[in-house]
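Data first, discussion second: the structure below is written as structure tokens.
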Amino acid sequence: MQSQTQPWQGKFEPIDNMIAPPNSYRTASGAPGKAYWQQRADYKIKATLDEKNNILSGEETITYHNNSPDDLSYLWIQLEQNVNKKGNPDFGDAFGGVRDNMTTKQMQSLTRAIDFPAGYTIKYIKDAYGNSMKAFVNNTMMKVMLNKPLKPGESMNFSLAWSYPITDRSMFLLSREGYEYFPEDDNTVYLIAHWFPRMAVYNDTEGWQNQQFQRLGEFALEFGDYEVEISVPEDHIVASTGRLQNSESVLTKTQRQRLAQAENTFDKTVMIVTEDEARANEKSKTTQLKTWKYTAKNVRDFAFASSRKFIWDAQAVQLETNKVMAMSFYPKEGLPVWSEESTKAVKAALEVYSEATFEYPYPVAISVNTSNIGMEFPMISFNGGRPRNGKMSDNAKSGMIGTIIHEVGHNWFPMIVSSDERKWMWMDEGLNTFLHQRTVAERYPEFHSTEPKDIVPFMQGDKNILRPIMTTSDSELLTQFGANFYQKPTVGLQMLRNSIIGEELFDQAFKEYANRWKYKHPNPGDLFRTLEDATATDLDWFFRGWFFTTDNVDMELTDVKWYKVYEEDLNIEDQQKKVKIAATGEGTEQKAKDFSSGPDMIKLSETPDQAYGQFLSRLDEDALRKQVSGKNIYEVTIKNVGGLVMPVKIEWIYKDGTKETDMLPADIWRRNEYEITKTFLKDKEVEKVNLDPNFEFADTDMANNSFPKVEESSQFDEFKEEKQN
């Protein structure tokens, strides 16, 4: 091992000073501690959709449970609809500012010349006795003052009435909810989310999580039980979080019969509302309302969709102990692909995620078709992807199916394993994308699923712009948050599973994390510690490099030297070459470019007694000579050019065409973070040596991974061409 001549960077030092220290709430093993606590908020809500004016109004009662050890003199409530007010940025300049030639929509996004009505009107806030409560609104957060502190272990009720104009989703970038208007038939699909004032999280690591909603960083929410009544036009069909309580009042007898049939149909979908029925429903509009009633237990949010355009299909999915209704709601514009693929994709996600983590606990899992979005909520998701003239390319279809799987998968992360999306987007998006891509690979092998080489273009990016994964959600660039918060964590977990820890042990550890933290609020340190705790593997080097830096993997195969042991009894032509004894003349000979000049010869001498120190036993030198006789000794030198330490996989291609691989653990870099030398004994003569032959470690320059060196137009260009295709 050569000595390190460049500055030591401590790549293998613990990350203890980079994550929150353990305490009685969160243990050093990564599990919740005995003193762990979290708040709870239960909701009773009545909401009315005014279709004519596109206004949603509601009344809600919140029961807030203070399970913390602290007295609370005020509460913070989230008012996400206020983000649509004109004073808040809409990312209009995120993809370029004023240009010589612009579309009107680009100008609107930049200037907000047309101001749409947006934001809450809070009609009242009252305590359990009907007394008004003092409140202060700070943009997307509202501070509610309490007349007396809420003590540990106490609960309180208070109520709010509110309304807001539902926004036109087509007019906002990154709009996760609102309405979509269909001019052809003068109808609307409403995606109602982030619609009611919701309790902010109060936790042991930062107190109130009351960061403002800025559209990119999503949500931090408390669990609770919901009773919700939704009044919509009588001819609307509603898809919602929760279990429908009054189907006899809102569904026809035929629809109820079909739904009962679907509950016992496991091999195909059953149409609850057919295309013909939906088309007929589009043509007449009623001003009468009907109320859909739902309950949901132990969820952190509630969302629904409503439209007279919906076609509705469903089928049952039998998990190990729980039967789930997989459902899809879509307008005719989604046909035929949505009737063919949506519920099938929901089923695939339910099965793979349940096996990988814990069984899906809720009664329904719903996919709703909309445009230009994928967005998740407990039991329901809004998913883009539509055919044109009834047709969809394979790429578009794979994107649509992937979106559905991804958004259904969010039921696990963060809807149950409830990390703080406002702060750490990667903790839900990255972990979810990891399982989403695994689902695609297992259930849709004809589609491409993420592999380590897919992150290479991003990792090759400008280090002045790149940010680490451990960057808070709203501090990332719109142009790269997908790569940094979705793809890079996914690839990191794939490396751990496939190449560093091993599938079986990693899967056990990942499942351990999911089960430790379901219905709780994990932080990054809880994930890192659990993965180490459940695998007995020191991974601080990996977390430090992959999550906390922008270093990349670039291993250079600097040199491969070939040796054989000189044997005096043999008249071998190779032995007429110079005899290389010990280190004499090392570094003076010209570096070989290939193996054509044959091996250098090593002369073995007997080990002197003093080399054994105080040991009296001696090596069987004849046995050793016999073991190395005629064998090929290869000394490999590898440089860490990119800065990110990783295991080293070496592929040996022998002259007879056979192949063999050796894996060196990442620990080999501990004493020299920049260059390593390793010696191998091989029976066969080697024709070629490659590093990372299967692209397992996202090496950003495959052109320097081979000996003899390869022309850049061969292996690396094949990789680039494959990436482009």
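Within each chain, counting starts at residue 1; across the structure tokens, chains are named A, B, ... in the order shown, with ligands numbered 1 upward in that order.
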
Out of stretch 365-471 of chain A, which residues get strand (DSSP E) from DSSP, as a list of chain:residue names?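 Residues meeting the strand (DSSP E) criterion: A:Ala365, A:Ile366, A:Ser367, A:Val368, A:Asn369, A:Gly374, A:Met375, A:Glu376, A:Phe377, A:Ile380, A:Ser381, A:Phe382, A:Asn383.
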
Can I get the selected residues back with C-alpha atoms, as a compact mmCIF listing (two decimals), in the first residue's frame?
```txt
# COMPACT_ATOMS: atom_id res chain seq x y z
CA ALA A 365 -55.82 2.50 -3.27
CA ILE A 366 -57.01 4.89 -5.98
CA SER A 367 -55.44 6.27 -9.16
CA VAL A 368 -57.08 9.35 -10.71
CA ASN A 369 -56.12 10.48 -14.20
CA GLY A 374 -48.14 12.86 -10.33
CA MET A 375 -49.17 13.63 -6.77
CA GLU A 376 -49.81 11.45 -3.77
CA PHE A 377 -52.11 11.39 -0.77
CA ILE A 380 -55.48 8.29 -3.50
CA SER A 381 -53.14 9.72 -6.11
CA PHE A 382 -53.46 12.05 -9.10
CA ASN A 383 -51.54 10.75 -12.11
```

Might you pull out every residue within 8 Å of A:Leu191, with only C-alpha atoms counted and same-chain residues fewer than 6 positions away left off, and present them as a list in words?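 The residues satisfying every condition are Glu177, Gly178, Tyr179, Ala303, Phe304, Ala305, Ser306 and Phe382 of chain A.
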
Could you work out how far atom CA of A:Tyr202 lies from atom CA of A:Val137, giving the answer in Å with one decimal? 18.0 Å

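In this comparison, which uses only C-alpha atoms, the residue of A:Glu51, A:Glu229, A:Asp204, A:Asp93 approaching A:Lys285 most closely is A:Glu51.
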
Neighbours of A:Gly525 within 10 Å (only C-alpha atoms; same-chain residues fewer than 2 positions away dropped), as a list in words?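 Final neighbour list, sorted by chain and number: Ile15, Asp16, Met18, Ile19, Ala20, Pro21, Pro22, Arg26, Thr27, Ala28, Ser29, Gly30, Pro522, Asn523, Leu527, Phe528, Arg529, Thr530 and Leu531 of chain A.
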
Write the residues you've just listed into a file as a short mmCIF file (atom, residue, chain, number, x, y, z; two decimals), in the first residue's frame, and include all heavy atoms for each of them.
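As a result, result.cif now contains:
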```cif
data_model
loop_
_atom_site.label_atom_id
_atom_site.label_comp_id
_atom_site.auth_asym_id
_atom_site.auth_seq_id
_atom_site.Cartn_x
_atom_site.Cartn_y
_atom_site.Cartn_z
N ILE A 15 -20.00 9.74 10.76
CA ILE A 15 -20.80 10.92 10.42
C ILE A 15 -21.58 11.43 11.63
O ILE A 15 -22.54 12.19 11.49
CB ILE A 15 -21.78 10.62 9.26
CG1 ILE A 15 -22.76 9.50 9.64
CG2 ILE A 15 -21.02 10.27 7.99
CD1 ILE A 15 -23.91 9.33 8.65
N ASP A 16 -21.15 11.02 12.83
CA ASP A 16 -21.88 11.40 14.05
C ASP A 16 -22.06 12.90 14.18
O ASP A 16 -23.09 13.38 14.68
CB ASP A 16 -21.16 10.87 15.29
CG ASP A 16 -21.14 9.35 15.33
OD1 ASP A 16 -21.75 8.73 14.43
OD2 ASP A 16 -20.52 8.78 16.24
N MET A 18 -22.46 14.94 11.82
CA MET A 18 -23.22 15.45 10.68
C MET A 18 -24.71 15.17 10.80
O MET A 18 -25.51 15.67 10.00
CB MET A 18 -22.67 14.84 9.38
CG MET A 18 -21.17 15.04 9.20
SD MET A 18 -20.47 14.11 7.83
CE MET A 18 -20.94 15.12 6.45
N ILE A 19 -25.09 14.35 11.77
CA ILE A 19 -26.50 14.05 12.01
C ILE A 19 -26.81 14.30 13.47
O ILE A 19 -25.91 14.38 14.31
CB ILE A 19 -26.85 12.59 11.62
CG1 ILE A 19 -25.96 11.60 12.38
CG2 ILE A 19 -26.72 12.39 10.12
CD1 ILE A 19 -26.27 10.14 12.09
N ALA A 20 -28.09 14.43 13.78
CA ALA A 20 -28.49 14.73 15.16
C ALA A 20 -28.04 13.62 16.09
O ALA A 20 -28.15 12.43 15.76
CB ALA A 20 -30.01 14.89 15.23
N PRO A 21 -27.53 13.96 17.27
CA PRO A 21 -27.07 12.92 18.21
C PRO A 21 -28.25 12.12 18.74
O PRO A 21 -29.37 12.61 18.83
CB PRO A 21 -26.41 13.74 19.33
CG PRO A 21 -27.05 15.09 19.25
CD PRO A 21 -27.34 15.32 17.80
N PRO A 22 -28.01 10.87 19.12
CA PRO A 22 -29.09 10.06 19.69
C PRO A 22 -29.49 10.58 21.06
O PRO A 22 -28.72 11.26 21.74
CB PRO A 22 -28.48 8.66 19.78
CG PRO A 22 -27.00 8.90 19.84
CD PRO A 22 -26.74 10.13 19.02
N ARG A 26 -34.76 9.18 20.15
CA ARG A 26 -34.24 8.50 18.95
C ARG A 26 -32.92 7.85 19.33
O ARG A 26 -31.96 8.55 19.66
CB ARG A 26 -34.07 9.50 17.81
CG ARG A 26 -35.37 10.15 17.40
CD ARG A 26 -35.17 11.36 16.50
NE ARG A 26 -36.41 12.08 16.33
CZ ARG A 26 -37.29 11.83 15.35
NH1 ARG A 26 -37.00 10.94 14.43
NH2 ARG A 26 -38.41 12.51 15.28
N THR A 27 -32.86 6.53 19.26
CA THR A 27 -31.72 5.82 19.80
C THR A 27 -30.55 5.78 18.82
O THR A 27 -30.70 6.06 17.63
CB THR A 27 -32.10 4.37 20.16
OG1 THR A 27 -32.37 3.66 18.93
CG2 THR A 27 -33.34 4.33 21.03
N ALA A 28 -29.41 5.40 19.33
CA ALA A 28 -28.21 5.27 18.51
C ALA A 28 -28.32 4.12 17.51
O ALA A 28 -27.56 4.06 16.55
CB ALA A 28 -26.98 5.05 19.40
N SER A 29 -29.27 3.23 17.70
CA SER A 29 -29.48 2.13 16.76
C SER A 29 -30.34 2.55 15.59
O SER A 29 -30.48 1.81 14.62
CB SER A 29 -30.15 0.95 17.47
OG SER A 29 -31.49 1.27 17.81
N GLY A 30 -30.96 3.73 15.68
CA GLY A 30 -31.85 4.20 14.61
C GLY A 30 -33.31 3.93 14.88
O GLY A 30 -34.17 4.24 14.04
N PRO A 522 -39.51 9.80 11.00
CA PRO A 522 -38.06 9.58 11.00
C PRO A 522 -37.29 10.75 10.41
O PRO A 522 -37.80 11.50 9.57
CB PRO A 522 -37.90 8.34 10.11
CG PRO A 522 -39.04 8.45 9.14
CD PRO A 522 -40.18 9.06 9.92
N ASN A 523 -36.04 10.88 10.84
CA ASN A 523 -35.09 11.85 10.30
C ASN A 523 -34.01 11.10 9.52
O ASN A 523 -33.90 9.87 9.62
CB ASN A 523 -34.45 12.65 11.44
CG ASN A 523 -35.44 13.58 12.11
OD1 ASN A 523 -36.37 14.07 11.48
ND2 ASN A 523 -35.26 13.79 13.40
N LEU A 527 -32.62 6.74 9.50
CA LEU A 527 -32.42 5.82 8.38
C LEU A 527 -30.98 5.32 8.34
O LEU A 527 -30.73 4.11 8.24
CB LEU A 527 -32.77 6.52 7.06
CG LEU A 527 -32.41 5.76 5.79
CD1 LEU A 527 -33.20 4.46 5.69
CD2 LEU A 527 -32.64 6.63 4.56
N PHE A 528 -30.01 6.25 8.40
CA PHE A 528 -28.61 5.85 8.32
C PHE A 528 -28.25 4.85 9.43
O PHE A 528 -27.62 3.82 9.20
CB PHE A 528 -27.70 7.08 8.42
CG PHE A 528 -27.88 8.07 7.31
CD1 PHE A 528 -27.64 9.43 7.52
CD2 PHE A 528 -28.29 7.67 6.04
CE1 PHE A 528 -27.80 10.36 6.51
CE2 PHE A 528 -28.45 8.60 5.01
CZ PHE A 528 -28.20 9.94 5.25
N ARG A 529 -28.68 5.17 10.65
CA ARG A 529 -28.32 4.32 11.79
C ARG A 529 -29.00 2.95 11.69
O ARG A 529 -28.40 1.92 12.03
CB ARG A 529 -28.71 5.01 13.09
CG ARG A 529 -27.82 6.20 13.44
CD ARG A 529 -28.18 6.79 14.79
NE ARG A 529 -27.20 7.79 15.20
CZ ARG A 529 -27.45 9.10 15.34
NH1 ARG A 529 -28.68 9.56 15.12
NH2 ARG A 529 -26.50 9.93 15.71
N THR A 530 -30.25 2.92 11.23
CA THR A 530 -30.94 1.63 11.11
C THR A 530 -30.27 0.73 10.09
O THR A 530 -30.10 -0.47 10.31
CB THR A 530 -32.42 1.85 10.74
OG1 THR A 530 -33.08 2.52 11.81
CG2 THR A 530 -33.12 0.52 10.51
N LEU A 531 -29.88 1.28 8.95
CA LEU A 531 -29.24 0.46 7.92
C LEU A 531 -27.93 -0.13 8.42
O LEU A 531 -27.58 -1.27 8.08
CB LEU A 531 -29.02 1.27 6.65
CG LEU A 531 -30.29 1.66 5.88
CD1 LEU A 531 -29.94 2.44 4.62
CD2 LEU A 531 -31.12 0.43 5.52
#
```

How far is it from atom CA of A:Ile166 to atom CA of A:Ser307, in Å with one decimal? 14.0 Å

Write out as CSV a residue-level contact list of stretch 310-334 of chain A versus stretch 233-249 of chain A with cut-off 10 Å: for each qualifying residue the closest pair of atoms and the distance in Å to one decimal, counting only C-alpha atoms, rows sorted by chain and residue number upward.
```
residue,atom,partner,partner_atom,distance
A:Phe310,CA,A:Ile237,CA,6.4
A:Ile311,CA,A:Ile237,CA,8.7
A:Trp312,CA,A:Ile237,CA,8.7
A:Met327,CA,A:Ala239,CA,9.0
A:Ser328,CA,A:Ala239,CA,8.7
A:Phe329,CA,A:Ala239,CA,7.2
```

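For A:Pro363, the residues within 12 Å (counting only C-alpha atoms, excluding itself and residues fewer than 4 positions away along the chain) are Ser240, Thr241, Gly242, Arg243, Leu244, Glu263, Tyr294, Thr295, Ala296, Lys297, Ala316, Val317, Gln318, Leu319, Thr321, Asn322, Lys323, Val324, Met325, Ala326, Met327, Leu350, Glu359, Pro378, Met379 and Ile380 of chain A.
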
I'd like the contact shell of A:Asn157 - 8 Å cut-off, only C-alpha atoms, skipping same-chain residues fewer than 6 positions apart - returned as a list in words.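 Answer for this query is Thr61, Ile62, Thr63, Tyr64, Asp127 and Ala128 of chain A.
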
Same residues, N, CA and C atoms, output as a short mmCIF file (atom, residue, chain, number, x, y, z; two decimals), in the first residue's frame:
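Generated file (selection_16.cif):
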```cif
data_model
loop_
_atom_site.label_atom_id
_atom_site.label_comp_id
_atom_site.auth_asym_id
_atom_site.auth_seq_id
_atom_site.Cartn_x
_atom_site.Cartn_y
_atom_site.Cartn_z
N THR A 61 -63.61 20.85 12.55
CA THR A 61 -63.28 20.82 13.96
C THR A 61 -62.04 19.95 14.12
N ILE A 62 -61.05 20.51 14.78
CA ILE A 62 -59.80 19.80 15.01
C ILE A 62 -59.70 19.44 16.48
N THR A 63 -59.40 18.19 16.74
CA THR A 63 -59.07 17.76 18.10
C THR A 63 -57.57 17.53 18.14
N TYR A 64 -56.88 18.37 18.88
CA TYR A 64 -55.41 18.32 18.90
C TYR A 64 -54.94 17.71 20.22
N ASP A 127 -63.02 28.41 19.86
CA ASP A 127 -62.67 27.32 20.76
C ASP A 127 -63.87 26.42 20.99
N ALA A 128 -63.72 25.44 21.86
CA ALA A 128 -64.78 24.46 22.08
C ALA A 128 -66.04 25.08 22.67
#
```

If you run DSSP on this backbone, which residues of stretch 484-602 of chain A come out as alpha helix (DSSP H), and could you give them as a PyMOL selection string? chain A and resi 488-495+503-517+524-533+540-548

With N, CA and C atoms retained, could you export that selection as a short mmCIF file (atom, residue, chain, number, x, y, z; two decimals), in the first residue's frame?
```
data_model
loop_
_atom_site.label_atom_id
_atom_site.label_comp_id
_atom_site.auth_asym_id
_atom_site.auth_seq_id
_atom_site.Cartn_x
_atom_site.Cartn_y
_atom_site.Cartn_z
N LYS A 488 -30.64 9.91 -7.56
CA LYS A 488 -29.38 9.63 -6.88
C LYS A 488 -29.59 8.79 -5.61
N PRO A 489 -30.59 9.09 -4.74
CA PRO A 489 -30.82 8.19 -3.61
C PRO A 489 -31.20 6.78 -4.06
N THR A 490 -31.97 6.69 -5.14
CA THR A 490 -32.35 5.38 -5.67
C THR A 490 -31.13 4.58 -6.05
N VAL A 491 -30.23 5.20 -6.80
CA VAL A 491 -29.01 4.51 -7.22
C VAL A 491 -28.16 4.14 -6.00
N GLY A 492 -28.09 5.03 -5.02
CA GLY A 492 -27.34 4.72 -3.80
C GLY A 492 -27.88 3.48 -3.10
N LEU A 493 -29.20 3.39 -2.99
CA LEU A 493 -29.81 2.23 -2.35
C LEU A 493 -29.60 0.97 -3.19
N GLN A 494 -29.63 1.12 -4.52
CA GLN A 494 -29.35 -0.03 -5.38
C GLN A 494 -27.92 -0.52 -5.18
N MET A 495 -26.97 0.42 -5.05
CA MET A 495 -25.59 0.01 -4.80
C MET A 495 -25.48 -0.75 -3.48
N GLU A 503 -28.41 -8.49 -1.27
CA GLU A 503 -29.87 -8.35 -1.32
C GLU A 503 -30.56 -8.79 -0.03
N GLU A 504 -30.25 -9.97 0.45
CA GLU A 504 -31.01 -10.52 1.57
C GLU A 504 -30.84 -9.66 2.83
N LEU A 505 -29.62 -9.32 3.15
CA LEU A 505 -29.38 -8.54 4.37
C LEU A 505 -29.88 -7.11 4.20
N PHE A 506 -29.69 -6.54 3.02
CA PHE A 506 -30.20 -5.18 2.81
C PHE A 506 -31.72 -5.16 2.91
N ASP A 507 -32.38 -6.12 2.28
CA ASP A 507 -33.85 -6.13 2.31
C ASP A 507 -34.36 -6.25 3.73
N GLN A 508 -33.69 -7.04 4.56
CA GLN A 508 -34.09 -7.14 5.96
C GLN A 508 -33.95 -5.79 6.66
N ALA A 509 -32.85 -5.08 6.36
CA ALA A 509 -32.60 -3.80 7.02
C ALA A 509 -33.58 -2.73 6.55
N PHE A 510 -33.86 -2.73 5.26
CA PHE A 510 -34.81 -1.74 4.73
C PHE A 510 -36.20 -1.97 5.31
N LYS A 511 -36.58 -3.23 5.42
CA LYS A 511 -37.87 -3.56 6.03
C LYS A 511 -37.88 -3.17 7.51
N GLU A 512 -36.75 -3.35 8.17
CA GLU A 512 -36.63 -2.96 9.58
C GLU A 512 -36.88 -1.47 9.74
N TYR A 513 -36.26 -0.66 8.87
CA TYR A 513 -36.47 0.78 8.93
C TYR A 513 -37.94 1.13 8.73
N ALA A 514 -38.55 0.54 7.70
CA ALA A 514 -39.95 0.84 7.41
C ALA A 514 -40.85 0.49 8.58
N ASN A 515 -40.62 -0.64 9.20
CA ASN A 515 -41.48 -1.06 10.31
C ASN A 515 -41.19 -0.31 11.59
N ARG A 516 -39.94 0.05 11.84
CA ARG A 516 -39.63 0.86 13.02
C ARG A 516 -40.35 2.21 12.97
N TRP A 517 -40.46 2.78 11.76
CA TRP A 517 -40.89 4.16 11.65
C TRP A 517 -42.25 4.34 10.99
N PRO A 524 -33.18 11.79 8.75
CA PRO A 524 -32.13 11.09 8.01
C PRO A 524 -31.26 10.21 8.87
N GLY A 525 -30.88 10.70 10.07
CA GLY A 525 -30.02 9.90 10.94
C GLY A 525 -30.66 8.59 11.35
N ASP A 526 -31.99 8.58 11.48
CA ASP A 526 -32.68 7.35 11.85
C ASP A 526 -32.55 6.30 10.75
N LEU A 527 -32.62 6.74 9.50
CA LEU A 527 -32.42 5.82 8.38
C LEU A 527 -30.98 5.32 8.34
N PHE A 528 -30.01 6.25 8.40
CA PHE A 528 -28.61 5.85 8.32
C PHE A 528 -28.25 4.85 9.43
N ARG A 529 -28.68 5.17 10.65
CA ARG A 529 -28.32 4.32 11.79
C ARG A 529 -29.00 2.95 11.69
N THR A 530 -30.25 2.92 11.23
CA THR A 530 -30.94 1.63 11.11
C THR A 530 -30.27 0.73 10.09
N LEU A 531 -29.88 1.28 8.95
CA LEU A 531 -29.24 0.46 7.92
C LEU A 531 -27.93 -0.13 8.42
N GLU A 532 -27.20 0.63 9.24
CA GLU A 532 -25.97 0.07 9.82
C GLU A 532 -26.30 -0.94 10.91
N ASP A 533 -27.24 -0.59 11.76
CA ASP A 533 -27.59 -1.43 12.89
C ASP A 533 -28.10 -2.80 12.44
N ASP A 540 -20.79 4.54 7.12
CA ASP A 540 -20.59 5.98 7.25
C ASP A 540 -19.83 6.54 6.05
N TRP A 541 -18.87 5.78 5.53
CA TRP A 541 -18.13 6.23 4.35
C TRP A 541 -19.06 6.43 3.16
N PHE A 542 -20.05 5.54 3.05
CA PHE A 542 -20.98 5.64 1.93
C PHE A 542 -21.94 6.82 2.10
N PHE A 543 -22.51 6.94 3.30
CA PHE A 543 -23.43 8.04 3.56
C PHE A 543 -22.71 9.38 3.41
N ARG A 544 -21.49 9.46 3.94
CA ARG A 544 -20.72 10.70 3.88
C ARG A 544 -20.50 11.11 2.42
N GLY A 545 -20.05 10.18 1.60
CA GLY A 545 -19.72 10.52 0.22
C GLY A 545 -20.93 10.71 -0.67
N TRP A 546 -21.89 9.78 -0.59
CA TRP A 546 -23.02 9.79 -1.52
C TRP A 546 -24.07 10.83 -1.15
N PHE A 547 -24.28 11.05 0.15
CA PHE A 547 -25.36 11.93 0.59
C PHE A 547 -24.89 13.33 0.98
N PHE A 548 -23.65 13.46 1.43
CA PHE A 548 -23.20 14.75 1.97
C PHE A 548 -22.22 15.49 1.06
#
```

Stretch 158-183 of chain A near stretch 206-223 of chain A within 10 Å: what's each residue's closest atom pair and its distance in Å to one decimal, counting only C-alpha atoms, ordered by chain then ascending residue number, as CSV?
```
residue,atom,partner,partner_atom,distance
A:Leu173,CA,A:Arg215,CA,9.0
A:Leu174,CA,A:Arg215,CA,6.9
A:Ser175,CA,A:Arg215,CA,7.9
A:Arg176,CA,A:Arg215,CA,8.7
```

Would you put the residues from that selection into a file with all heavy atoms, as a PDB file, in the first residue's frame?
```
ATOM      1  N   LEU A 173     -47.093  26.539 -12.409  1.00  0.00           N
ATOM      2  CA  LEU A 173     -46.079  25.498 -12.449  1.00  0.00           C
ATOM      3  C   LEU A 173     -46.072  24.749 -11.125  1.00  0.00           C
ATOM      4  O   LEU A 173     -46.285  25.330 -10.063  1.00  0.00           O
ATOM      5  CB  LEU A 173     -44.699  26.109 -12.704  1.00  0.00           C
ATOM      6  CG  LEU A 173     -44.500  26.805 -14.057  1.00  0.00           C
ATOM      7  CD1 LEU A 173     -43.116  27.450 -14.120  1.00  0.00           C
ATOM      8  CD2 LEU A 173     -44.683  25.828 -15.209  1.00  0.00           C
ATOM      9  N   LEU A 174     -45.826  23.441 -11.203  1.00  0.00           N
ATOM     10  CA  LEU A 174     -45.791  22.584 -10.015  1.00  0.00           C
ATOM     11  C   LEU A 174     -47.090  22.650  -9.215  1.00  0.00           C
ATOM     12  O   LEU A 174     -47.079  22.614  -7.989  1.00  0.00           O
ATOM     13  CB  LEU A 174     -44.611  22.949  -9.103  1.00  0.00           C
ATOM     14  CG  LEU A 174     -43.302  22.213  -9.356  1.00  0.00           C
ATOM     15  CD1 LEU A 174     -42.265  22.616  -8.307  1.00  0.00           C
ATOM     16  CD2 LEU A 174     -43.471  20.712  -9.346  1.00  0.00           C
ATOM     17  N   SER A 175     -48.205  22.762  -9.915  1.00  0.00           N
ATOM     18  CA  SER A 175     -49.483  22.798  -9.218  1.00  0.00           C
ATOM     19  C   SER A 175     -49.917  21.380  -8.884  1.00  0.00           C
ATOM     20  O   SER A 175     -50.137  20.557  -9.771  1.00  0.00           O
ATOM     21  CB  SER A 175     -50.544  23.477 -10.092  1.00  0.00           C
ATOM     22  OG  SER A 175     -51.785  23.497  -9.429  1.00  0.00           O
ATOM     23  N   ARG A 176     -50.030  21.095  -7.608  1.00  0.00           N
ATOM     24  CA  ARG A 176     -50.344  19.740  -7.168  1.00  0.00           C
ATOM     25  C   ARG A 176     -51.837  19.486  -7.045  1.00  0.00           C
ATOM     26  O   ARG A 176     -52.251  18.375  -6.770  1.00  0.00           O
ATOM     27  CB  ARG A 176     -49.662  19.478  -5.819  1.00  0.00           C
ATOM     28  CG  ARG A 176     -48.146  19.480  -5.903  1.00  0.00           C
ATOM     29  CD  ARG A 176     -47.533  19.405  -4.512  1.00  0.00           C
ATOM     30  NE  ARG A 176     -46.117  19.094  -4.561  1.00  0.00           N
ATOM     31  CZ  ARG A 176     -45.164  19.999  -4.755  1.00  0.00           C
ATOM     32  NH1 ARG A 176     -45.498  21.272  -4.924  1.00  0.00           N
ATOM     33  NH2 ARG A 176     -43.898  19.639  -4.783  1.00  0.00           N
TER      34      ARG A 176
END
```

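Distances to A:Trp292 were evaluated for A:Asn23, A:Ser231, A:Gln610, A:Thr537 using only C-alpha atoms, and the minimum falls at A:Ser231.
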
Here is a test: counting only C-alpha atoms, which residue of A:Glu421, A:Glu696, A:Glu80, A:Asp100 is nearest to A:Asp454?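 Checking each candidate against A:Asp454, we get A:Glu696 as the closest.
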
Measure the distance from atom CA of A:Leu79 to atom CA of A:Lys143 in Å and round it to one decimal. 10.5 Å

What's the 12 Å shell around A:Val273, counting only C-alpha atoms, without same-chain residues fewer than 4 positions away, as an MDAnalysis selection string? chainID A and resid 236:238 251:259 269 277:281 308:314 327:332 339

So that I can check the surroundings of stretch 552-566 of chain A, please list as a VMD selection string every protein, DNA and RNA residue that reaches within 6 Å of it, counting only C-alpha atoms and ignoring chain neighbours fewer than 3 positions away. chain A and resid 459 599 to 603 632 to 642 644 699 to 701 704 to 705

Quick one: of A:Leu335, A:Ala666, A:Ser354, A:Lys397, who's nearest to A:Glu275, counting only C-alpha atoms? A:Leu335

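Of the listed residues A:Phe358, A:Phe172, A:Phe481, A:Tyr519, the one whose atoms come nearest to A:Gly92 is A:Phe172, with distances taken using only C-alpha atoms.
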